$ cat protein_14.cif   # mmCIF, C-alpha atoms and all ligand atoms
data_start
loop_
_atom_site.label_atom_id
_atom_site.label_comp_id
_atom_site.auth_asym_id
_atom_site.auth_seq_id
_atom_site.Cartn_x
_atom_site.Cartn_y
_atom_site.Cartn_z
CA MET A 307 -39.44 -48.42 28.58
CA ALA A 308 -39.81 -49.13 24.93
CA SER A 309 -41.20 -45.71 24.31
CA PHE A 310 -38.36 -44.16 26.32
CA ASN A 311 -35.87 -45.99 24.13
CA THR A 312 -37.69 -44.87 21.04
CA VAL A 313 -37.62 -41.27 22.23
CA ALA A 314 -33.96 -41.57 23.20
CA GLY A 315 -33.23 -43.15 19.86
CA CYS A 316 -35.03 -40.37 18.12
CA VAL A 317 -33.12 -37.74 20.02
CA LEU A 318 -29.86 -39.46 19.27
CA ALA A 319 -30.78 -39.88 15.64
CA SER A 320 -31.74 -36.26 15.24
CA ALA A 321 -28.59 -35.18 17.05
CA LEU A 322 -26.55 -37.28 14.64
CA PHE A 323 -28.57 -35.92 11.77
CA ALA A 324 -27.91 -32.38 12.91
CA MET A 325 -24.19 -33.12 13.16
CA VAL A 326 -24.12 -34.64 9.71
CA VAL A 327 -26.09 -31.75 8.29
CA GLY A 328 -23.75 -29.38 10.06
CA LYS A 329 -20.71 -31.09 8.58
CA VAL A 330 -22.24 -31.24 5.15
CA SER A 331 -23.32 -27.63 5.18
CA ASN A 332 -19.87 -26.65 6.42
CA ALA A 333 -18.42 -28.53 3.52
CA VAL A 334 -20.83 -26.80 1.18
CA VAL A 335 -20.50 -23.34 2.69
CA HIS A 336 -16.74 -23.41 3.19
CA PRO A 337 -15.54 -23.57 -0.42
CA HIS A 338 -18.28 -21.11 -1.25
CA LYS A 339 -16.79 -18.64 1.24
CA LEU A 340 -13.34 -19.13 -0.26
CA ASP A 341 -14.70 -18.53 -3.74
CA LYS A 342 -16.04 -15.09 -3.01
CA PRO A 343 -12.86 -13.15 -2.15
CA ALA A 344 -10.99 -14.95 -4.92
CA ILE A 345 -13.55 -13.75 -7.42
CA ALA A 346 -13.66 -10.26 -5.90
CA VAL A 347 -9.87 -9.91 -6.12
CA SER A 348 -9.65 -11.06 -9.69
CA GLU A 349 -12.48 -8.73 -10.64
CA GLU A 350 -10.79 -5.78 -8.94
CA ALA A 351 -7.39 -6.35 -10.45
CA PRO A 352 -7.81 -6.95 -14.15
CA ALA A 353 -4.54 -7.33 -16.10
CA ALA A 354 -2.66 -4.02 -15.81
CA THR A 355 -3.19 -2.51 -12.36
CA THR A 356 -1.67 -4.21 -9.36
CA ALA A 357 -2.41 -0.91 -7.60
CA ALA A 358 -6.14 -1.62 -7.62
CA ALA A 359 -6.28 -3.31 -4.21
CA PRO A 360 -4.25 -0.78 -2.16
CA ALA A 361 -5.99 2.08 -3.97
CA ALA A 362 -9.30 0.79 -2.70
CA GLU A 363 -8.25 0.65 0.95
CA LEU A 364 -6.18 3.86 1.17
CA PRO A 365 -8.15 7.13 1.39
CA PRO A 366 -6.82 10.12 -0.61
CA ILE A 367 -4.06 12.14 1.09
CA GLY A 368 -5.54 15.53 0.05
CA PRO A 369 -7.08 16.48 3.42
CA GLU A 370 -3.86 15.71 5.34
CA LEU A 371 -1.79 17.45 2.67
CA ALA A 372 -3.81 20.63 3.11
CA LYS A 373 -2.68 20.86 6.75
CA ALA A 374 0.77 19.32 6.28
CA ASN A 375 3.84 20.64 8.03
CA VAL A 376 6.91 20.90 5.78
CA ASP A 377 9.38 21.10 8.69
CA ALA A 378 7.88 18.01 10.31
CA GLY A 379 8.10 16.31 6.91
CA LYS A 380 11.76 17.23 6.59
CA ALA A 381 12.46 15.73 10.02
CA ILE A 382 10.63 12.52 9.12
CA PHE A 383 12.47 12.38 5.80
CA GLN A 384 15.83 12.71 7.52
CA LYS A 385 14.94 9.96 9.94
CA GLN A 386 13.14 7.52 7.62
CA CYS A 387 14.27 8.16 4.06
CA PHE A 388 17.67 9.84 4.14
CA THR A 389 19.57 6.58 4.71
CA CYS A 390 18.61 5.73 1.15
CA HIS A 391 17.62 9.02 -0.54
CA THR A 392 18.93 12.54 -0.98
CA ALA A 393 16.36 15.15 -2.00
CA ASP A 394 18.52 18.19 -2.80
CA LYS A 395 19.14 19.43 -6.33
CA GLY A 396 21.89 17.37 -7.95
CA GLY A 397 22.10 15.15 -4.84
CA ALA A 398 23.71 11.74 -5.13
CA ASN A 399 21.90 8.49 -5.71
CA LYS A 400 22.35 6.29 -2.66
CA VAL A 401 20.59 2.96 -2.09
CA GLY A 402 17.63 4.77 -3.70
CA PRO A 403 17.54 7.52 -6.35
CA ASN A 404 17.82 11.25 -5.66
CA LEU A 405 14.31 12.68 -5.19
CA TRP A 406 14.70 16.30 -6.40
CA GLY A 407 11.51 17.30 -8.21
CA ILE A 408 9.89 13.92 -7.52
CA VAL A 409 6.30 15.27 -7.61
CA GLY A 410 5.37 15.09 -11.28
CA ARG A 411 8.61 13.34 -12.21
CA LYS A 412 8.35 10.33 -14.49
CA LYS A 413 8.60 7.09 -12.54
CA ALA A 414 11.93 5.28 -12.60
CA SER A 415 13.51 8.08 -14.64
CA HIS A 416 16.37 9.48 -12.55
CA GLY A 417 19.69 9.36 -14.37
CA GLY A 418 22.38 7.00 -13.17
CA PHE A 419 20.08 4.91 -10.98
CA SER A 420 19.40 1.28 -11.72
CA TYR A 421 15.69 0.72 -10.99
CA SER A 422 14.04 -2.65 -10.50
CA SER A 423 12.12 -3.92 -13.50
CA ALA A 424 8.99 -3.75 -11.31
CA MET A 425 9.46 0.01 -10.84
CA GLN A 426 10.29 0.50 -14.52
CA ALA A 427 7.09 -1.32 -15.45
CA LYS A 428 4.93 0.89 -13.20
CA GLY A 429 4.61 3.74 -15.70
CA GLY A 430 3.32 7.32 -15.46
CA ASP A 431 4.46 10.29 -13.37
CA TRP A 432 4.63 10.51 -9.57
CA THR A 433 1.39 12.12 -8.45
CA TYR A 434 0.72 12.94 -4.78
CA GLU A 435 -1.49 9.86 -4.57
CA ASP A 436 1.11 7.58 -6.15
CA ILE A 437 3.77 8.74 -3.68
CA ASN A 438 1.22 8.30 -0.90
CA HIS A 439 0.68 4.68 -1.95
CA LEU A 440 4.38 3.98 -2.38
CA ILE A 441 5.40 5.24 1.04
CA PHE A 442 2.37 3.61 2.69
CA LYS A 443 3.54 0.13 1.65
CA PRO A 444 6.23 0.08 -1.03
CA ALA A 445 6.12 -3.68 -1.55
CA ALA A 446 2.35 -3.68 -1.96
CA TYR A 447 2.28 -0.75 -4.38
CA VAL A 448 5.19 -1.97 -6.54
CA LYS A 449 5.42 -5.73 -6.24
CA GLY A 450 9.10 -6.61 -6.55
CA THR A 451 10.44 -3.14 -5.75
CA LYS A 452 14.00 -2.71 -4.50
CA MET A 453 12.78 -0.14 -1.97
CA ALA A 454 13.20 -2.16 1.22
CA PHE A 455 11.15 0.10 3.46
CA ALA A 456 8.23 -1.03 5.60
CA GLY A 457 6.21 2.13 5.06
CA LEU A 458 4.72 5.03 7.01
CA PRO A 459 1.35 3.92 8.44
CA LYS A 460 0.28 7.39 9.68
CA PRO A 461 -1.48 9.51 7.03
CA GLN A 462 -0.29 12.82 8.51
CA GLU A 463 3.33 11.64 8.48
CA ARG A 464 3.03 10.64 4.83
CA ALA A 465 1.43 14.00 4.04
CA ASP A 466 4.19 15.89 5.87
CA VAL A 467 6.91 14.02 3.95
CA ILE A 468 5.10 14.56 0.64
CA ALA A 469 4.67 18.27 1.45
CA TYR A 470 8.41 18.47 2.15
CA LEU A 471 9.30 16.64 -1.08
CA ARG A 472 7.00 19.01 -2.98
CA THR A 473 9.21 21.93 -1.90
CA MET A 474 12.31 20.12 -3.17
CA ALA A 475 11.78 21.21 -6.78
CA ASP A 476 12.54 24.13 -9.08
CA THR A 477 8.82 24.88 -9.28
CA PRO A 478 6.74 23.12 -6.58
CA ALA A 479 3.69 21.45 -8.12
CA PRO A 480 0.30 22.95 -7.19
CA LEU A 481 -1.37 21.26 -4.23
CA PRO A 482 -4.32 18.99 -5.12
C1 LIG B 501 16.12 1.03 2.56
C2 LIG B 501 16.28 2.08 1.57
C3 LIG B 501 15.10 2.98 1.32
C4 LIG B 501 14.37 3.73 2.23
C5 LIG B 501 14.50 3.75 3.74
C6 LIG B 501 13.44 4.50 1.44
N1 LIG B 501 13.59 4.23 0.10
FE1 LIG B 501 12.57 5.08 -1.43
N2 LIG B 501 13.53 3.91 -2.77
C7 LIG B 501 14.54 3.01 -2.44
C8 LIG B 501 14.94 2.29 -3.64
C9 LIG B 501 16.00 1.19 -3.72
C10 LIG B 501 14.13 2.80 -4.68
C11 LIG B 501 14.09 2.28 -6.13
C12 LIG B 501 13.03 1.19 -6.13
C13 LIG B 501 13.01 0.30 -7.36
O1 LIG B 501 13.70 0.55 -8.35
O2 LIG B 501 12.23 -0.67 -7.30
C14 LIG B 501 13.28 3.82 -4.10
C15 LIG B 501 12.34 4.57 -4.82
C16 LIG B 501 11.62 5.63 -4.30
C17 LIG B 501 10.78 6.51 -5.06
C18 LIG B 501 10.56 6.46 -6.58
C19 LIG B 501 11.71 7.20 -7.25
C20 LIG B 501 11.67 7.28 -8.75
O3 LIG B 501 12.59 7.92 -9.30
O4 LIG B 501 10.78 6.70 -9.40
C21 LIG B 501 10.24 7.41 -4.19
C22 LIG B 501 9.27 8.53 -4.50
C23 LIG B 501 10.75 7.08 -2.87
N3 LIG B 501 11.59 5.99 -2.98
C24 LIG B 501 10.44 7.77 -1.72
C25 LIG B 501 10.87 7.41 -0.44
C26 LIG B 501 10.48 8.10 0.77
C27 LIG B 501 9.63 9.35 0.82
C28 LIG B 501 11.04 7.42 1.82
C29 LIG B 501 10.89 7.69 3.29
C30 LIG B 501 9.55 7.75 3.80
C31 LIG B 501 11.80 6.31 1.24
N4 LIG B 501 11.67 6.34 -0.12
C32 LIG B 501 12.54 5.40 1.99
C33 LIG B 501 15.08 2.79 -1.19
C34 LIG B 501 14.59 3.33 -0.02
#
$ encode --input "protein_14.cif" --output "structure tokens" --more "lines below"
Ligand code: HEC
Amino acid sequence: MASFNTVAGCVLASALFAMVVGKVSNAVVHPHKLDKPAIAVSEEAPAATTAAAPAAELPPIGPELAKANVDAGKAIFQKQCFTCHTADKGGANKVGPNLWGIVGRKKASHGGFSYSSAMQAKGGDWTYEDINHLIFKPAAYVKGTKMAFAGLPKPQERADVIAYLRTMADTPAPLP
């Protein structure tokens, strides 16, 4: 009897011990887990580039662009972008700026349009990849943008639209 109690006590004690150890190691492991992504993010996005994170997760659009369909892109543009953008030469600014010659155009540079300070701060010219990132998730690429558009999740749709926009220029930029 006594030895049974001792054994039972031992079992109970070790069960308790295991629980305590479990709790403690949770407590130790948990903040450690939280630390890692926080460090990774701050390492990936030093000072200037907020684009660092999306750039890492979005593959280049080049392969889709090579087999893009301009007519399909025009149709997508008319459905998804035309509410806010014209793309013809001399076209009006609407909710968003006219997009004539957008490939290679300086960011936030179209006359008569009042850009957000976030877009003005972005800097550089619109490359294929930059447009790809913008229309994938505008709010993620330009934090604080006025472009209230959820984004085009499908790579081929983005490539088709970009291929269409490329043709809307005096001299279409060379493909990548
Ligand atoms: C709900 C309105 C809206 C829709 C829909 C929309 N945009 Fe925009 N877009 C804007 C606004 C507003 C801006 C200016 C953003 C800013 O200043 O932050 C903008 C900016 C841009 C720019 C940068 C222009 C420049 O001169 O720097 C590009 C490129 C662009 N949009 C492409 C597209 C494409 C392609 C689509 C469709 C897939 C699209 N947008 C859909 C409102 C929209």
$ closest_atom_pairs --input "protein_14.cif" --of "chain A" --to "ligand LIG 501 (chain B)" --cutoff "9 Å" --atoms "only C-alpha atoms and all ligand atoms" --output "JSON lines"
{"residue": "A:Ile382", "atom": "CA", "partner": "B:LIG501", "partner_atom": "C30", "distance": 7.2}
{"residue": "A:Phe383", "atom": "CA", "partner": "B:LIG501", "partner_atom": "C29", "distance": 5.5}
{"residue": "A:Gln384", "atom": "CA", "partner": "B:LIG501", "partner_atom": "C29", "distance": 8.2}
{"residue": "A:Lys385", "atom": "CA", "partner": "B:LIG501", "partner_atom": "C29", "distance": 8.1}
{"residue": "A:Gln386", "atom": "CA", "partner": "B:LIG501", "partner_atom": "C29", "distance": 4.9}
{"residue": "A:Cys387", "atom": "CA", "partner": "B:LIG501", "partner_atom": "C29", "distance": 3.5}
{"residue": "A:Phe388", "atom": "CA", "partner": "B:LIG501", "partner_atom": "C5", "distance": 6.9}
{"residue": "A:Thr389", "atom": "CA", "partner": "B:LIG501", "partner_atom": "C5", "distance": 5.9}
{"residue": "A:Cys390", "atom": "CA", "partner": "B:LIG501", "partner_atom": "C2", "distance": 4.4}
{"residue": "A:His391", "atom": "CA", "partner": "B:LIG501", "partner_atom": "N1", "distance": 6.3}
{"residue": "A:Lys400", "atom": "CA", "partner": "B:LIG501", "partner_atom": "C33", "distance": 8.2}
{"residue": "A:Val401", "atom": "CA", "partner": "B:LIG501", "partner_atom": "C9", "distance": 5.2}
{"residue": "A:Gly402", "atom": "CA", "partner": "B:LIG501", "partner_atom": "C8", "distance": 3.7}
{"residue": "A:Pro403", "atom": "CA", "partner": "B:LIG501", "partner_atom": "O3", "distance": 5.8}
{"residue": "A:Asn404", "atom": "CA", "partner": "B:LIG501", "partner_atom": "O3", "distance": 7.2}
{"residue": "A:Leu405", "atom": "CA", "partner": "B:LIG501", "partner_atom": "C19", "distance": 6.4}
{"residue": "A:Ile408", "atom": "CA", "partner": "B:LIG501", "partner_atom": "C22", "distance": 6.2}
{"residue": "A:Val409", "atom": "CA", "partner": "B:LIG501", "partner_atom": "C22", "distance": 8.0}
{"residue": "A:Arg411", "atom": "CA", "partner": "B:LIG501", "partner_atom": "O3", "distance": 7.3}
{"residue": "A:Lys412", "atom": "CA", "partner": "B:LIG501", "partner_atom": "O4", "distance": 6.7}
{"residue": "A:Lys413", "atom": "CA", "partner": "B:LIG501", "partner_atom": "O4", "distance": 3.8}
{"residue": "A:Ala414", "atom": "CA", "partner": "B:LIG501", "partner_atom": "O4", "distance": 3.7}
{"residue": "A:Ser415", "atom": "CA", "partner": "B:LIG501", "partner_atom": "O3", "distance": 5.4}
{"residue": "A:His416", "atom": "CA", "partner": "B:LIG501", "partner_atom": "O3", "distance": 5.2}
{"residue": "A:Gly417", "atom": "CA", "partner": "B:LIG501", "partner_atom": "O3", "distance": 8.8}
{"residue": "A:Phe419", "atom": "CA", "partner": "B:LIG501", "partner_atom": "C11", "distance": 8.1}
{"residue": "A:Ser420", "atom": "CA", "partner": "B:LIG501", "partner_atom": "O1", "distance": 6.7}
{"residue": "A:Tyr421", "atom": "CA", "partner": "B:LIG501", "partner_atom": "O1", "distance": 3.3}
{"residue": "A:Ser422", "atom": "CA", "partner": "B:LIG501", "partner_atom": "O1", "distance": 3.9}
{"residue": "A:Ser423", "atom": "CA", "partner": "B:LIG501", "partner_atom": "O1", "distance": 7.0}
{"residue": "A:Ala424", "atom": "CA", "partner": "B:LIG501", "partner_atom": "O2", "distance": 6.0}
{"residue": "A:Met425", "atom": "CA", "partner": "B:LIG501", "partner_atom": "O2", "distance": 4.5}
{"residue": "A:Gln426", "atom": "CA", "partner": "B:LIG501", "partner_atom": "O1", "distance": 7.0}
{"residue": "A:Asp431", "atom": "CA", "partner": "B:LIG501", "partner_atom": "O4", "distance": 8.3}
{"residue": "A:Trp432", "atom": "CA", "partner": "B:LIG501", "partner_atom": "C22", "distance": 7.2}
{"residue": "A:Asp436", "atom": "CA", "partner": "B:LIG501", "partner_atom": "C22", "distance": 8.4}
{"residue": "A:Ile437", "atom": "CA", "partner": "B:LIG501", "partner_atom": "C22", "distance": 5.6}
{"residue": "A:Asn438", "atom": "CA", "partner": "B:LIG501", "partner_atom": "C27", "distance": 8.6}
{"residue": "A:Leu440", "atom": "CA", "partner": "B:LIG501", "partner_atom": "C22", "distance": 7.0}
{"residue": "A:Ile441", "atom": "CA", "partner": "B:LIG501", "partner_atom": "C30", "distance": 5.6}
{"residue": "A:Phe442", "atom": "CA", "partner": "B:LIG501", "partner_atom": "C30", "distance": 8.4}
{"residue": "A:Pro444", "atom": "CA", "partner": "B:LIG501", "partner_atom": "FE1", "distance": 8.1}
{"residue": "A:Ala445", "atom": "CA", "partner": "B:LIG501", "partner_atom": "O2", "distance": 8.9}
{"residue": "A:Val448", "atom": "CA", "partner": "B:LIG501", "partner_atom": "O2", "distance": 7.2}
{"residue": "A:Lys449", "atom": "CA", "partner": "B:LIG501", "partner_atom": "O2", "distance": 8.6}
{"residue": "A:Gly450", "atom": "CA", "partner": "B:LIG501", "partner_atom": "O2", "distance": 6.8}
{"residue": "A:Thr451", "atom": "CA", "partner": "B:LIG501", "partner_atom": "O2", "distance": 3.4}
{"residue": "A:Lys452", "atom": "CA", "partner": "B:LIG501", "partner_atom": "O2", "distance": 3.9}
{"residue": "A:Met453", "atom": "CA", "partner": "B:LIG501", "partner_atom": "C7", "distance": 3.6}
{"residue": "A:Ala454", "atom": "CA", "partner": "B:LIG501", "partner_atom": "C1", "distance": 4.5}
{"residue": "A:Phe455", "atom": "CA", "partner": "B:LIG501", "partner_atom": "C5", "distance": 5.0}
{"residue": "A:Ala456", "atom": "CA", "partner": "B:LIG501", "partner_atom": "C5", "distance": 8.1}
{"residue": "A:Gly457", "atom": "CA", "partner": "B:LIG501", "partner_atom": "C30", "distance": 6.7}
{"residue": "A:Leu458", "atom": "CA", "partner": "B:LIG501", "partner_atom": "C30", "distance": 6.4}
{"residue": "A:Glu463", "atom": "CA", "partner": "B:LIG501", "partner_atom": "C30", "distance": 8.7}
{"residue": "A:Arg464", "atom": "CA", "partner": "B:LIG501", "partner_atom": "C30", "distance": 7.2}
{"residue": "A:Val467", "atom": "CA", "partner": "B:LIG501", "partner_atom": "C27", "distance": 6.2}
{"residue": "A:Ile468", "atom": "CA", "partner": "B:LIG501", "partner_atom": "C27", "distance": 6.9}
{"residue": "A:Leu471", "atom": "CA", "partner": "B:LIG501", "partner_atom": "C27", "distance": 7.5}
$ atom_distance --input "protein_14.cif" --atom1 "CA of Pro365 in chain A" --atom2 "CA of Lys460 in chain A"
11.8 Å
$ atom_distance --input "protein_14.cif" --atom1 "CA of Gln462 in chain A" --atom2 "CA of Lys373 in chain A"
8.6 Å
$ atom_distance --input "protein_14.cif" --atom1 "CA of Ala446 in chain A" --atom2 "CA of Gly368 in chain A"
20.9 Å
$ closest_residue --input "protein_14.cif" --among "A:Tyr447, A:His439, A:Tyr434, A:Asp476" --to "Pro459 in chain A" --atoms "only C-alpha atoms"
A:His439
$ closest_residue --input "protein_14.cif" --among "A:Gly407, A:Gly379, A:Pro369, A:Pro461" --to "Lys443 in chain A" --atoms "all atoms listed in the file"
A:Pro461
$ decode --input "protein_14.cif" --residues "range 358-384 of chain A" --atoms "N, CA, C and O atoms" --output "compact mmCIF listing (two decimals), in the first residue's frame"
# COMPACT_ATOMS: atom_id res chain seq x y z
N ALA A 358 10.75 46.27 -49.64
CA ALA A 358 11.57 45.09 -49.42
C ALA A 358 10.74 43.82 -49.19
O ALA A 358 10.99 42.81 -49.81
N ALA A 359 9.72 43.91 -48.33
CA ALA A 359 8.94 42.72 -48.01
C ALA A 359 8.16 42.18 -49.21
O ALA A 359 8.35 41.03 -49.58
N PRO A 360 7.31 43.00 -49.87
CA PRO A 360 6.59 42.48 -51.04
C PRO A 360 7.54 42.00 -52.13
O PRO A 360 7.27 41.01 -52.78
N ALA A 361 8.67 42.70 -52.31
CA ALA A 361 9.61 42.31 -53.35
C ALA A 361 10.07 40.88 -53.13
O ALA A 361 10.26 40.12 -54.07
N ALA A 362 10.23 40.51 -51.86
CA ALA A 362 10.74 39.19 -51.55
C ALA A 362 9.71 38.10 -51.88
O ALA A 362 10.07 37.02 -52.29
N GLU A 363 8.42 38.41 -51.73
CA GLU A 363 7.43 37.35 -51.90
C GLU A 363 6.83 37.30 -53.30
O GLU A 363 6.15 36.36 -53.65
N LEU A 364 7.07 38.33 -54.13
CA LEU A 364 6.47 38.38 -55.46
C LEU A 364 7.52 38.04 -56.52
O LEU A 364 8.48 38.76 -56.70
N PRO A 365 7.32 36.93 -57.26
CA PRO A 365 8.30 36.58 -58.29
C PRO A 365 8.25 37.58 -59.44
O PRO A 365 7.22 38.20 -59.66
N PRO A 366 9.34 37.74 -60.19
CA PRO A 366 9.36 38.67 -61.32
C PRO A 366 8.28 38.35 -62.34
O PRO A 366 7.91 37.20 -62.52
N ILE A 367 7.79 39.39 -63.03
CA ILE A 367 6.66 39.24 -63.95
C ILE A 367 7.16 38.87 -65.37
O ILE A 367 6.34 38.52 -66.23
N GLY A 368 8.47 38.89 -65.58
CA GLY A 368 9.06 38.66 -66.90
C GLY A 368 8.49 37.47 -67.67
O GLY A 368 8.06 37.62 -68.82
N PRO A 369 8.44 36.28 -67.08
CA PRO A 369 7.94 35.11 -67.80
C PRO A 369 6.48 35.28 -68.29
O PRO A 369 6.17 34.92 -69.43
N GLU A 370 5.62 35.86 -67.43
CA GLU A 370 4.23 36.07 -67.82
C GLU A 370 4.14 37.18 -68.89
O GLU A 370 3.31 37.12 -69.79
N LEU A 371 5.02 38.16 -68.77
CA LEU A 371 5.02 39.28 -69.71
C LEU A 371 5.38 38.79 -71.12
O LEU A 371 4.85 39.27 -72.12
N ALA A 372 6.27 37.80 -71.18
CA ALA A 372 6.70 37.28 -72.46
C ALA A 372 5.55 36.63 -73.23
O ALA A 372 5.53 36.62 -74.46
N LYS A 373 4.56 36.10 -72.51
CA LYS A 373 3.42 35.47 -73.20
C LYS A 373 2.12 36.25 -72.93
O LYS A 373 1.03 35.68 -72.98
N ALA A 374 2.27 37.54 -72.65
CA ALA A 374 1.09 38.35 -72.32
C ALA A 374 0.25 38.65 -73.55
O ALA A 374 0.74 38.67 -74.67
N ASN A 375 -1.04 38.88 -73.29
CA ASN A 375 -1.99 39.16 -74.34
C ASN A 375 -2.52 40.59 -74.17
O ASN A 375 -3.22 40.89 -73.20
N VAL A 376 -2.13 41.46 -75.12
CA VAL A 376 -2.47 42.88 -75.02
C VAL A 376 -3.98 43.11 -75.02
O VAL A 376 -4.49 43.94 -74.26
N ASP A 377 -4.70 42.36 -75.86
CA ASP A 377 -6.16 42.54 -75.92
C ASP A 377 -6.83 42.13 -74.59
O ASP A 377 -7.73 42.81 -74.11
N ALA A 378 -6.35 41.02 -74.04
CA ALA A 378 -6.87 40.60 -72.73
C ALA A 378 -6.55 41.67 -71.69
O ALA A 378 -7.38 41.98 -70.83
N GLY A 379 -5.36 42.25 -71.78
CA GLY A 379 -4.95 43.30 -70.85
C GLY A 379 -5.83 44.53 -70.97
O GLY A 379 -6.21 45.13 -69.95
N LYS A 380 -6.18 44.87 -72.21
CA LYS A 380 -7.06 46.02 -72.43
C LYS A 380 -8.43 45.76 -71.79
O LYS A 380 -8.99 46.65 -71.13
N ALA A 381 -8.93 44.55 -71.95
CA ALA A 381 -10.24 44.20 -71.37
C ALA A 381 -10.20 44.27 -69.85
O ALA A 381 -11.12 44.80 -69.21
N ILE A 382 -9.11 43.77 -69.27
CA ILE A 382 -8.97 43.83 -67.81
C ILE A 382 -8.86 45.29 -67.36
O ILE A 382 -9.47 45.71 -66.38
N PHE A 383 -8.08 46.06 -68.12
CA PHE A 383 -7.93 47.48 -67.78
C PHE A 383 -9.29 48.17 -67.76
O PHE A 383 -9.61 48.92 -66.84
N GLN A 384 -10.09 47.91 -68.80
CA GLN A 384 -11.38 48.59 -68.88
C GLN A 384 -12.31 48.19 -67.74
O GLN A 384 -13.12 48.98 -67.28
